[in-house]
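See structure below.
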Number of protein chains: 2
Amino acid sequence: MNDSGNVTPLLTPANRRRFPPYCPPVECSACALLALCRMAGLGVDETRLAEVVGRKRPVARGAEVHRRERRSVIAVRSGALKSEMPRPGGEAQIVAFHLPGELVALAAADEEGEPEVRTVALMPSEICELPVSDLPGFAPEEAARFHLRLAQDATAALLAAQRTLAWTRGEGAEARLAGFLLDIAARFASRDLPAQAFRLPMPRRDIANFLGLAEETVCRLFRRFHGRGWIAVSGKRIVLRDPARLRTVAAGTAADAGTSRRA
Amino acid sequence: MNDSGNVTPLLTPANRRRFPPYCPPVECSACALLALCRMAGLGVDETRLAEVVGRKRPVARGAEVHRRERRSVIAVRSGALKSEMPRPGGEAQIVAFHLPGELVALAAADEEGEPEVRTVALMPSEICELPVSDLPGFAPEEAARFHLRLAQDATAALLAAQRTLAWTRGEGAEARLAGFLLDIAARFASRDLPAQAFRLPMPRRDIANFLGLAEETVCRLFRRFHGRGWIAVSGKRIVLRDPARLRTVAAGTAADAGTSRRA
DNA sequence: CGCGTATTTGAAGGGCCTCAAGTATAGTGG
DNA sequence: CCACTATACTTGAGGCCCTTCAAATACGCG
């Protein structure tokens, strides 16, 4: 009953190593928090840096990520997280996934009361936490540079959110899912993690929620892409076989797709 | 042919003043840029402040908003703008509307090359531009506070973008349009501008683009809401007659609406 | 006051959702 | 290490909501 026919099976022993159960840790050199970490460690040795930055704090699957310090920035070291926001009358809406090397909790860096955004671990993960205020031994000039960098990171996150908003509105379900796969792959690639064959950190249900589709539709789309030879799928294990085609589909101008009038 | 029946006409001479052709200017006291303006004017008189901040620069309808300074923040004083981002294979996607008193160009504050986001005036507008760097006579401590405030504004913008992402995915077209009207009204209200009866700054086409719907659908929805007495519509002129009902609809749990399974 | 743009309306079709089970996977505990 | 069980993933049929295409009308800017 496998309509994928003769494509290479994903579960051969040789392929086992390509699909580790969890997202592997990133090197500090590929982490978005690196610049801030370095500034926090200005003129101090590595030992001191380790004190300032909470390294490799573990988070259990399904556990909510809380900030220890009142104002701090968090980065994912291994695993993956999701950020969700409550909607007026129903289920929470996922607004972002956080892969290794990416920043979290920036949006809430200056919140006081109950945070609007809930961040939850999709699998056993490790996070690094860097306090934003009350940094010891900071000269005013250093503080100015640090805060400027913080502002730059925040605007970068804003730009990323707007990009997400743009391709997420792609015409049709196929365009959205293709864009999603390419987005995940590009983000893995930018952190020096395998980006052609990987394990999706999130269940179909979360993908559907994020893309504004029904869970069943996402399922059918995966099988459809698989059947067309664009990807290979086995549960959460994914191999991108034809990224160029996926890009075409994501653009909404796929071969047989009609033009859409959606403004 | 008007199925609105006996609702009060919107175009009576008495109502003319309630629907000025353009969005009226906000007071500085209600502007999101105020805090940064004040910090930029630390210890200097109002005349000096006027020098630092480019006040009331006019932008023609349809004209693109460019930053004069390499790094600066822009606020809308009167009128309205839209920010759009190109999509892989088609029309640009509108990611935000900017009403009087709101910030723009934060997302691109540190961009160097060609900006990804295009910001265009929806009507004749006035903007204020505040340079972010090279501020004259700034002590390091002042610079630190200024940059921290900048970071806070950026994270606030990120949070706003995530909120938008959340309610924009609302179940069904009705929920989205109801949410849209309430969002616009709330933003007018927070700037001390009339929020119960106002003129929409953008055409149907842009609303449809922003909400991920077809232009015709938005039209039909406006008439439907009108027919049910929830709002009164005449072109861009809007009166919210039953905000409570709109909130219910926006929640997706409207009286006759079935539950949705969209994850 | 006229022309261009924006808004409106109708009819028909298709894509995605809904409901309902069945199957496979992975996390858990013995 | 293996059985067990809860969760995640699939698959099928039917129907509604929204889109698409086409064209008329109203509004507003110059």
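Chain labels follow the order of the structure tokens: the first chain is A, the next B, and so on; residue numbering restarts at 1 in every chain, and ligands are counted from 1 in their shown order.
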
I'd like a table as a Markdown table: residues in chain B with an atom no more than 10 Å from chain D, each row giving the shortest atom pair and its distance in Å to one decimal, only C-alpha atoms (C1' of nucleotides) counted, sorted by chain and rising residue number.
| residue | atom | partner | partner_atom | distance |
| --- | --- | --- | --- | --- |
| B:Gly172 | CA | D:DC17 | C1' | 8.3 |
| B:Ala173 | CA | D:DC18 | C1' | 8.4 |
| B:Leu213 | CA | D:DC18 | C1' | 8.2 |
| B:Ala214 | CA | D:DT19 | C1' | 6.9 |
| B:Glu215 | CA | D:DT19 | C1' | 9.9 |
| B:Glu216 | CA | D:DT19 | C1' | 8.9 |
| B:Thr217 | CA | D:DC18 | C1' | 7.4 |
| B:Gly235 | CA | D:DC27 | C1' | 8.0 |

Deliver the residues from the most recent selection as a file, using N, CA and C atoms, as a PDB file, in the first residue's frame.
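File written: result-v9.pdb
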ATOM      1  N   GLY B 172     -12.255  31.008   9.777  1.00  0.00           N
ATOM      2  CA  GLY B 172     -13.278  31.577   8.915  1.00  0.00           C
ATOM      3  C   GLY B 172     -13.093  33.047   8.625  1.00  0.00           C
ATOM      4  N   ALA B 173     -13.717  33.457   7.526  1.00  0.00           N
ATOM      5  CA  ALA B 173     -13.558  34.826   7.058  1.00  0.00           C
ATOM      6  C   ALA B 173     -14.231  35.831   7.994  1.00  0.00           C
ATOM      7  N   LEU B 213      -7.792  36.787   2.177  1.00  0.00           N
ATOM      8  CA  LEU B 213      -9.096  36.500   1.592  1.00  0.00           C
ATOM      9  C   LEU B 213      -9.180  37.133   0.214  1.00  0.00           C
ATOM     10  N   ALA B 214     -10.238  36.802  -0.522  1.00  0.00           N
ATOM     11  CA  ALA B 214     -10.472  37.444  -1.808  1.00  0.00           C
ATOM     12  C   ALA B 214     -11.190  38.770  -1.583  1.00  0.00           C
ATOM     13  N   GLU B 215     -10.917  39.713  -2.471  1.00  0.00           N
ATOM     14  CA  GLU B 215     -11.515  41.043  -2.324  1.00  0.00           C
ATOM     15  C   GLU B 215     -13.034  40.961  -2.276  1.00  0.00           C
ATOM     16  N   GLU B 216     -13.605  40.114  -3.129  1.00  0.00           N
ATOM     17  CA  GLU B 216     -15.071  39.988  -3.172  1.00  0.00           C
ATOM     18  C   GLU B 216     -15.626  39.464  -1.858  1.00  0.00           C
ATOM     19  N   THR B 217     -14.878  38.559  -1.234  1.00  0.00           N
ATOM     20  CA  THR B 217     -15.328  38.014   0.045  1.00  0.00           C
ATOM     21  C   THR B 217     -15.405  39.110   1.100  1.00  0.00           C
ATOM     22  N   GLY B 235     -18.920  52.604   1.791  1.00  0.00           N
ATOM     23  CA  GLY B 235     -17.573  52.726   1.247  1.00  0.00           C
ATOM     24  C   GLY B 235     -16.565  52.536   2.356  1.00  0.00           C
TER      25      GLY B 235
END

Each residue of chain C with at least one atom at most 10 Å from chain B should appear once, together with its nearest atom pair and the corresponding distance in Å (one decimal); atoms considered: only C-alpha atoms (C1' of nucleotides); ordering: chain, then increasing residue number; output as a tab-separated table.
residue	atom	partner	partner_atom	distance
C:DA6	C1'	B:Pro203	CA	7.5
C:DT7	C1'	B:Gly235	CA	7.1
C:DT8	C1'	B:Cys219	CA	7.1
C:DT9	C1'	B:Arg220	CA	8.7
C:DC17	C1'	B:Arg261	CA	7.8
C:DT18	C1'	B:Arg261	CA	7.4

note - CA of Pro20 in chain A and CA of Leu221 in chain A are separated by 24.1 Å

Chain B residues near chain A (8 Å cut-off, only C-alpha atoms) as a ChimeraX atom specification: /B:85-91,93-95,106-110,140-141,143-145,147-148,150-152,154-159,161-163,165-167,169-170,205-206,208-209,212-215,248,250-253,261-263

Could you tell me, as a PyMOL selection string, which residues of range 65-96 of chain A DSSP assigns to strand (DSSP E) when given the backbone? chain A and resi 72-78+81-85+93-96

Selected residues written out, N, CA and C atoms, as an mmCIF file, in the first residue's frame:
data_model
loop_
_atom_site.group_PDB
_atom_site.id
_atom_site.type_symbol
_atom_site.label_atom_id
_atom_site.label_comp_id
_atom_site.auth_asym_id
_atom_site.auth_seq_id
_atom_site.Cartn_x
_atom_site.Cartn_y
_atom_site.Cartn_z
ATOM 1 N N SER A 72 15.719 38.566 30.482
ATOM 2 C CA SER A 72 16.809 37.783 29.935
ATOM 3 C C SER A 72 16.459 37.308 28.533
ATOM 4 N N VAL A 73 17.488 36.881 27.835
ATOM 5 C CA VAL A 73 17.289 36.319 26.506
ATOM 6 C C VAL A 73 17.660 34.851 26.555
ATOM 7 N N ILE A 74 16.885 34.020 25.850
ATOM 8 C CA ILE A 74 17.111 32.579 25.863
ATOM 9 C C ILE A 74 17.430 32.108 24.449
ATOM 10 N N ALA A 75 18.372 31.198 24.343
ATOM 11 C CA ALA A 75 18.673 30.567 23.061
ATOM 12 C C ALA A 75 18.525 29.059 23.201
ATOM 13 N N VAL A 76 18.152 28.411 22.114
ATOM 14 C CA VAL A 76 18.042 26.956 22.102
ATOM 15 C C VAL A 76 19.412 26.373 21.792
ATOM 16 N N ARG A 77 19.855 25.418 22.606
ATOM 17 C CA ARG A 77 21.124 24.764 22.326
ATOM 18 C C ARG A 77 20.900 23.432 21.612
ATOM 19 N N SER A 78 19.938 22.662 22.097
ATOM 20 C CA SER A 78 19.566 21.415 21.421
ATOM 21 C C SER A 78 18.068 21.208 21.595
ATOM 22 N N LEU A 81 11.698 24.233 20.368
ATOM 23 C CA LEU A 81 10.600 24.796 21.138
ATOM 24 C C LEU A 81 9.538 25.354 20.204
ATOM 25 N N LYS A 82 8.355 25.605 20.764
ATOM 26 C CA LYS A 82 7.330 26.342 20.029
ATOM 27 C C LYS A 82 6.805 27.462 20.904
ATOM 28 N N SER A 83 6.477 28.594 20.268
ATOM 29 C CA SER A 83 5.862 29.718 20.974
ATOM 30 C C SER A 83 4.425 29.853 20.513
ATOM 31 N N GLU A 84 3.498 29.881 21.464
ATOM 32 C CA GLU A 84 2.098 29.986 21.086
ATOM 33 C C GLU A 84 1.423 31.110 21.843
ATOM 34 N N MET A 85 0.393 31.679 21.211
ATOM 35 C CA MET A 85 -0.328 32.825 21.762
ATOM 36 C C MET A 85 -1.800 32.476 21.809
ATOM 37 N N GLN A 93 -2.698 29.744 19.173
ATOM 38 C CA GLN A 93 -2.102 29.796 17.844
ATOM 39 C C GLN A 93 -0.582 29.775 17.975
ATOM 40 N N ILE A 94 0.053 28.831 17.283
ATOM 41 C CA ILE A 94 1.510 28.784 17.297
ATOM 42 C C ILE A 94 2.038 29.898 16.412
ATOM 43 N N VAL A 95 2.909 30.741 16.960
ATOM 44 C CA VAL A 95 3.428 31.863 16.181
ATOM 45 C C VAL A 95 4.864 31.646 15.721
ATOM 46 N N ALA A 96 5.547 30.664 16.308
ATOM 47 C CA ALA A 96 6.920 30.418 15.866
ATOM 48 C C ALA A 96 7.440 29.101 16.419
#

Any chance you could list, as an MDAnalysis selection string, the residues in range 4-200 of chain A that come up helix (DSSP H, G or I) when DSSP is run on the backbone? chainID A and resid 13:16 28:30 34:40 46:52 140:168 172:190

Can you work out the spacing between CA of Arg228 in chain A and CA of Pro201 in chain A in Å, to one decimal?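 Atom-to-atom, CA of Arg228 in chain A to CA of Pro201 in chain A, that is 23.5 Å.
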
Rounded to one decimal in Å, what is the spacing between CA of Pro100 in chain B and CA of Ala60 in chain B? 15.3 Å
